[in-house]
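S.K.: Got a structure for you, questions after.
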Amino acid sequence: MRNDILFSRRDMLTRCGAGFGMIGLANVLAADTASNPLASRLPHHPAKAKHIIHLYMNGGPSQVDTFDPKPALARFAGQRPTSIANYRTENATVGLRPSPFKFPRCGQSGLEISEIFPNVAKFADDLCVIRSMHTDIPNHEPSMFMMNSGHPQALRPSYGSWLLYGLGTENQNLPGYMVMCPGLPVNGAANWSSRFLPGVYQGCHMNLPLGYDARTVLPYLQNQHVGPETQRRQLDFIQRLNTLQAERRGNDALLEARVASLEMAFRMQTAAHEAFDLNQETQATKQMYGYESNRNVFAQNCLLARRLVERGVRAVQIYTGNSQPWDTHGNNDGQHRQLAAGVDRGIAGLLFDLKHRGLLDETIVLWGGEFGRTPASQGGDGRDHNHWGFCVWLAGGGFKGGMAYGATDEFGFRAEEKRTHPHDLHATILHQMGLDHERLTFRYSGRDHRLTDVEGQVIREIIA
């Protein structure tokens, strides 16, 4: 089946070689948006959202300690009910373990949110909590791949790459898919890979320490030897050679990715400095995020994410928990309190800032990890991996606020009501971005692939 989104660049390259001389491929792309792989494209249907910010809690937060309260755990503390004993987890666990945290009803909706998120709780009426998530495998590597790319193995493009492929980006001077991640999480850069999609849709990894200099936000971004005009002439010459090579040998995805990357890097010399310059923000804004007072990398990245979507970047991922993941096999309570304190104010600042600037309506904010944790204890004070049931939440982007969708069993172990798989989550996110997950395909290795494989249903009950 011929893909309706893909375009042919061979004609463009031929035209470039035949009639455009030394004006450079960048100028051709700008003049011919139909041939620009990053040009903003029309969606399949009217979109409610233009951007997504994914707050990725690496390691798997405990649903029963965050957004899925289970009073029954206190009544059956220490017991091992047969309803959960029949489901294996990765490691041996003992009896049920209640959460020590209170779950006050928040906002006008009365949505129950753990006390460890006091600032996020102020936005309860904007949150759509999916309490019935489940995934396939209780190990970090395959579950992170599933949440990012819809497959448990490193075979498929990430959803950010799919979004760029389907929609392009509104800012041609910055990468359309940016990943802010201190260090590397499990699976490393494979989490934001473009795989068999053209390389231009790959996520751009940023590891920004506190106090970074916006002029050096990317290594080697500035040419220390020649000025912009000389660089432009050099780049035009290189791109002319690339064009001649493409004319002789036909389309080459790797070459095309390098061509686009060279042009993007040239334009980023100015755009990146401006976008990542936090000196343009007021002290009040920095304090709202908790960046100025706590010198918190996550809070800093939340502020940067707002600046990026404000400038048209399509997808931004913020990873946290890499050095101390939400993988609480021991000291679950203490670690969850500490980890939540490290992100609570940054998330709340982001939600407030997006709302205040009129950006939340067109920006999806997604919070969650790759799976959850068992309601039973591991080793007395920990919780094991749990892929049978867990939580994520969505805000903005046309989603209903102040609601909980689906439910786990009385102990928070297994999704039972309105069970939701990552394929369903991805299908719904694509829908809100104006893309039909069954039509967004790419032909590779003899068949048409899509983010949701051969599954996935749009969850219409959570759409406003």
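As shown in the structure tokens, the chain order sets the letters A, B, ...; within each chain, residues go from 1, and ligands are also counted from 1 in the order they appear.
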Run DSSP on the backbone and grab whatever in stretch 150-332 of chain A lands in helix (DSSP H, G or I); send it over as an MDAnalysis selection string.

M.R.: chainID A and resid 159:167 188:192 199:201 214:216 228:249 253:275 278:280 283:289 291:294 297:310 332

S.K.: I'd like the contact shell of stretch 299-303 of chain A - 9 Å cut-off, only C-alpha atoms, skipping same-chain residues fewer than 4 positions apart - returned as number ranges by chain.

M.R.: A: 53, 55, 180-181, 208, 210, 278, 285-286, 289-292, 294-295, 307-308, 318, 342-347, 349-350, 353

S.K.: For the selection just defined, write its residues with N, CA and C atoms to a file, as an mmCIF file, in the first residue's frame.

M.R.:
```cif
data_model
loop_
_atom_site.group_PDB
_atom_site.id
_atom_site.type_symbol
_atom_site.label_atom_id
_atom_site.label_comp_id
_atom_site.auth_asym_id
_atom_site.auth_seq_id
_atom_site.Cartn_x
_atom_site.Cartn_y
_atom_site.Cartn_z
ATOM 1 N N ILE A 53 4.552 17.185 25.949
ATOM 2 C CA ILE A 53 5.651 17.164 26.913
ATOM 3 C C ILE A 53 5.463 15.923 27.766
ATOM 4 N N LEU A 55 6.676 13.730 30.791
ATOM 5 C CA LEU A 55 7.426 13.704 32.039
ATOM 6 C C LEU A 55 7.634 12.244 32.417
ATOM 7 N N MET A 180 15.364 15.754 27.042
ATOM 8 C CA MET A 180 16.218 16.298 28.099
ATOM 9 C C MET A 180 16.361 15.231 29.178
ATOM 10 N N CYS A 181 17.565 14.699 29.261
ATOM 11 C CA CYS A 181 17.797 13.529 30.100
ATOM 12 C C CYS A 181 19.200 13.588 30.673
ATOM 13 N N LEU A 208 21.764 18.747 30.070
ATOM 14 C CA LEU A 208 22.097 20.112 30.477
ATOM 15 C C LEU A 208 22.298 20.177 31.985
ATOM 16 N N LEU A 210 23.066 22.021 35.656
ATOM 17 C CA LEU A 210 22.698 23.316 36.217
ATOM 18 C C LEU A 210 23.789 24.331 35.921
ATOM 19 N N LEU A 278 17.957 30.942 29.652
ATOM 20 C CA LEU A 278 17.047 31.156 30.771
ATOM 21 C C LEU A 278 17.192 32.538 31.382
ATOM 22 N N THR A 285 9.382 33.678 37.608
ATOM 23 C CA THR A 285 9.086 32.461 36.842
ATOM 24 C C THR A 285 9.993 31.318 37.276
ATOM 25 N N LYS A 286 11.266 31.596 37.437
ATOM 26 C CA LYS A 286 12.193 30.553 37.878
ATOM 27 C C LYS A 286 11.807 30.023 39.249
ATOM 28 N N TYR A 289 8.886 27.527 39.242
ATOM 29 C CA TYR A 289 9.269 26.163 38.889
ATOM 30 C C TYR A 289 10.111 25.497 39.980
ATOM 31 N N GLY A 290 10.638 26.292 40.899
ATOM 32 C CA GLY A 290 11.538 25.739 41.900
ATOM 33 C C GLY A 290 12.956 25.630 41.413
ATOM 34 N N TYR A 291 13.222 26.216 40.255
ATOM 35 C CA TYR A 291 14.569 26.128 39.684
ATOM 36 C C TYR A 291 15.520 27.082 40.382
ATOM 37 N N GLU A 292 15.082 28.286 40.641
ATOM 38 C CA GLU A 292 15.968 29.291 41.194
ATOM 39 C C GLU A 292 16.336 28.977 42.645
ATOM 40 N N ASN A 294 15.847 25.860 44.398
ATOM 41 C CA ASN A 294 16.362 24.506 44.664
ATOM 42 C C ASN A 294 17.495 24.088 43.744
ATOM 43 N N ARG A 295 17.731 24.848 42.682
ATOM 44 C CA ARG A 295 18.745 24.476 41.683
ATOM 45 C C ARG A 295 18.522 23.029 41.246
ATOM 46 N N ARG A 307 9.590 26.667 27.060
ATOM 47 C CA ARG A 307 10.192 27.543 26.067
ATOM 48 C C ARG A 307 10.242 26.855 24.702
ATOM 49 N N LEU A 308 10.467 25.555 24.688
ATOM 50 C CA LEU A 308 10.581 24.837 23.424
ATOM 51 C C LEU A 308 9.226 24.700 22.721
ATOM 52 N N ILE A 318 11.144 14.674 29.128
ATOM 53 C CA ILE A 318 11.995 14.988 30.265
ATOM 54 C C ILE A 318 12.100 13.734 31.127
ATOM 55 N N GLY A 342 11.272 16.000 44.428
ATOM 56 C CA GLY A 342 12.180 16.501 43.409
ATOM 57 C C GLY A 342 11.500 16.923 42.118
ATOM 58 N N VAL A 343 10.246 16.487 41.907
ATOM 59 C CA VAL A 343 9.563 16.810 40.650
ATOM 60 C C VAL A 343 8.279 17.597 40.855
ATOM 61 N N ASP A 344 7.726 17.592 42.069
ATOM 62 C CA ASP A 344 6.401 18.148 42.319
ATOM 63 C C ASP A 344 6.301 19.620 41.927
ATOM 64 N N ARG A 345 7.232 20.407 42.371
ATOM 65 C CA ARG A 345 7.145 21.848 42.105
ATOM 66 C C ARG A 345 7.407 22.168 40.639
ATOM 67 N N GLY A 346 8.326 21.448 40.007
ATOM 68 C CA GLY A 346 8.587 21.671 38.591
ATOM 69 C C GLY A 346 7.375 21.355 37.728
ATOM 70 N N ILE A 347 6.676 20.248 38.050
ATOM 71 C CA ILE A 347 5.484 19.881 37.283
ATOM 72 C C ILE A 347 4.389 20.931 37.465
ATOM 73 N N GLY A 349 4.759 24.043 38.319
ATOM 74 C CA GLY A 349 5.159 25.266 37.631
ATOM 75 C C GLY A 349 4.896 25.180 36.144
ATOM 76 N N LEU A 350 5.176 24.017 35.565
ATOM 77 C CA LEU A 350 4.935 23.822 34.134
ATOM 78 C C LEU A 350 3.447 23.935 33.814
ATOM 79 N N ASP A 353 2.336 27.569 34.175
ATOM 80 C CA ASP A 353 2.900 28.420 33.126
ATOM 81 C C ASP A 353 2.213 28.180 31.789
#
```

S.K.: Determine which residues of stretch 257-464 of chain A DSSP labels as strand (DSSP E or B) from the backbone of this structure, then write them out as a PyMOL selection string.

M.R.: chain A and resi 315-320+363-368+372-373+376+378+382+385-386+390-395+399+403-405+407-408+415-417+420+442-444+447-449+463

S.K.: Ranking A:Gly60, A:Gly199, A:Gly401, A:Gly312 by minimum distance to A:Cys128 and counting only C-alpha atoms, which one comes first?

M.R.: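 Distance minimum relative to A:Cys128 lands on A:Gly401.
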
S.K.: Between A:Met288, A:Leu96, A:Ala272, A:Ala464, which is the closest to A:Lys400 once you count only C-alpha atoms?

M.R.: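 Ranking A:Met288, A:Leu96, A:Ala272, A:Ala464 by distance to A:Lys400, first place goes to A:Ala464.
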
S.K.: What lies within 12 Å of A:Gly402 using only C-alpha atoms, ignoring chain neighbours under 5 positions off, as a count of residues only?

M.R.: 25

S.K.: So which residues touch A:Gln317 within 9 Å, counting only C-alpha atoms, skipping near sequence neighbours fewer than 2 positions away, as a ChimeraX atom specification?

M.R.: /A:52-56,160,177-181,305,315,319

S.K.: Could you produce a table of the residues of stretch 292-380 of chain A lying within 12 Å of stretch 100-104 of chain A, with the nearest pair of atoms per residue and their separation in Å rounded to one decimal, using only C-alpha atoms, ordered by chain and increasing residue number, as a tab-separated table?

M.R.:
```
residue	atom	partner	partner_atom	distance
A:Asn332	CA	A:Pro100	CA	10.3
A:Asp333	CA	A:Pro100	CA	7.3
A:Gly334	CA	A:Pro100	CA	10.1
A:His336	CA	A:Phe101	CA	10.1
A:Arg337	CA	A:Phe101	CA	9.1
```

S.K.: Please, could you write that set of residues out with N, CA and C atoms as an mmCIF file, in the first residue's frame?

M.R.:
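What ended up in selection.cif:
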```
data_model
loop_
_atom_site.group_PDB
_atom_site.id
_atom_site.type_symbol
_atom_site.label_atom_id
_atom_site.label_comp_id
_atom_site.auth_asym_id
_atom_site.auth_seq_id
_atom_site.Cartn_x
_atom_site.Cartn_y
_atom_site.Cartn_z
ATOM 1 N N ASN A 332 10.801 1.901 49.871
ATOM 2 C CA ASN A 332 9.823 2.458 48.945
ATOM 3 C C ASN A 332 9.264 3.789 49.416
ATOM 4 N N ASP A 333 8.886 3.862 50.695
ATOM 5 C CA ASP A 333 8.216 5.059 51.185
ATOM 6 C C ASP A 333 9.149 6.267 51.179
ATOM 7 N N GLY A 334 10.356 6.073 51.715
ATOM 8 C CA GLY A 334 11.302 7.178 51.767
ATOM 9 C C GLY A 334 11.716 7.655 50.393
ATOM 10 N N HIS A 336 10.004 7.306 47.529
ATOM 11 C CA HIS A 336 8.905 7.961 46.829
ATOM 12 C C HIS A 336 8.689 9.381 47.346
ATOM 13 N N ARG A 337 8.818 9.563 48.642
ATOM 14 C CA ARG A 337 8.669 10.909 49.181
ATOM 15 C C ARG A 337 9.761 11.832 48.630
#
```

S.K.: Tell me, as a PyMOL selection string, which residues lie within 8 Å of stretch 370-372 of chain A, counting only C-alpha atoms; anything in the same chain fewer than 5 positions away does not count.

M.R.: chain A and resi 57-63+134-135+138+140+143-144+146-147+385-387+389-391

S.K.: Please, what distance in Å, to one decimal, runs between atom CA of A:Phe266 and atom CA of A:Leu235?

M.R.: 8.5 Å

S.K.: I'd like to know which of A:Ala376, A:Met206, A:Met133, A:Leu42 is closest to A:Lys418, using only C-alpha atoms.

M.R.: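 Distance minimum relative to A:Lys418 lands on A:Met133.
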
S.K.: Do you have the atom CA of A:Leu451-atom CA of A:Thr320 distance handy?

M.R.: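 About the pair atom CA of A:Leu451 and atom CA of A:Thr320: they are 24.1 Å apart.
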
S.K.: Hey, can you check how far atom CA of A:Leu435 sits from atom CA of A:Ile364?

M.R.: 14.2 Å

S.K.: Taking 4 positions as the minimum chain separation for residues in the same chain, which residues sit within 10 Å of A:Ala77 when counting only C-alpha atoms? Answer as an NGL selection string.

M.R.: :A and (72-73 or 95-98 or 375-377)
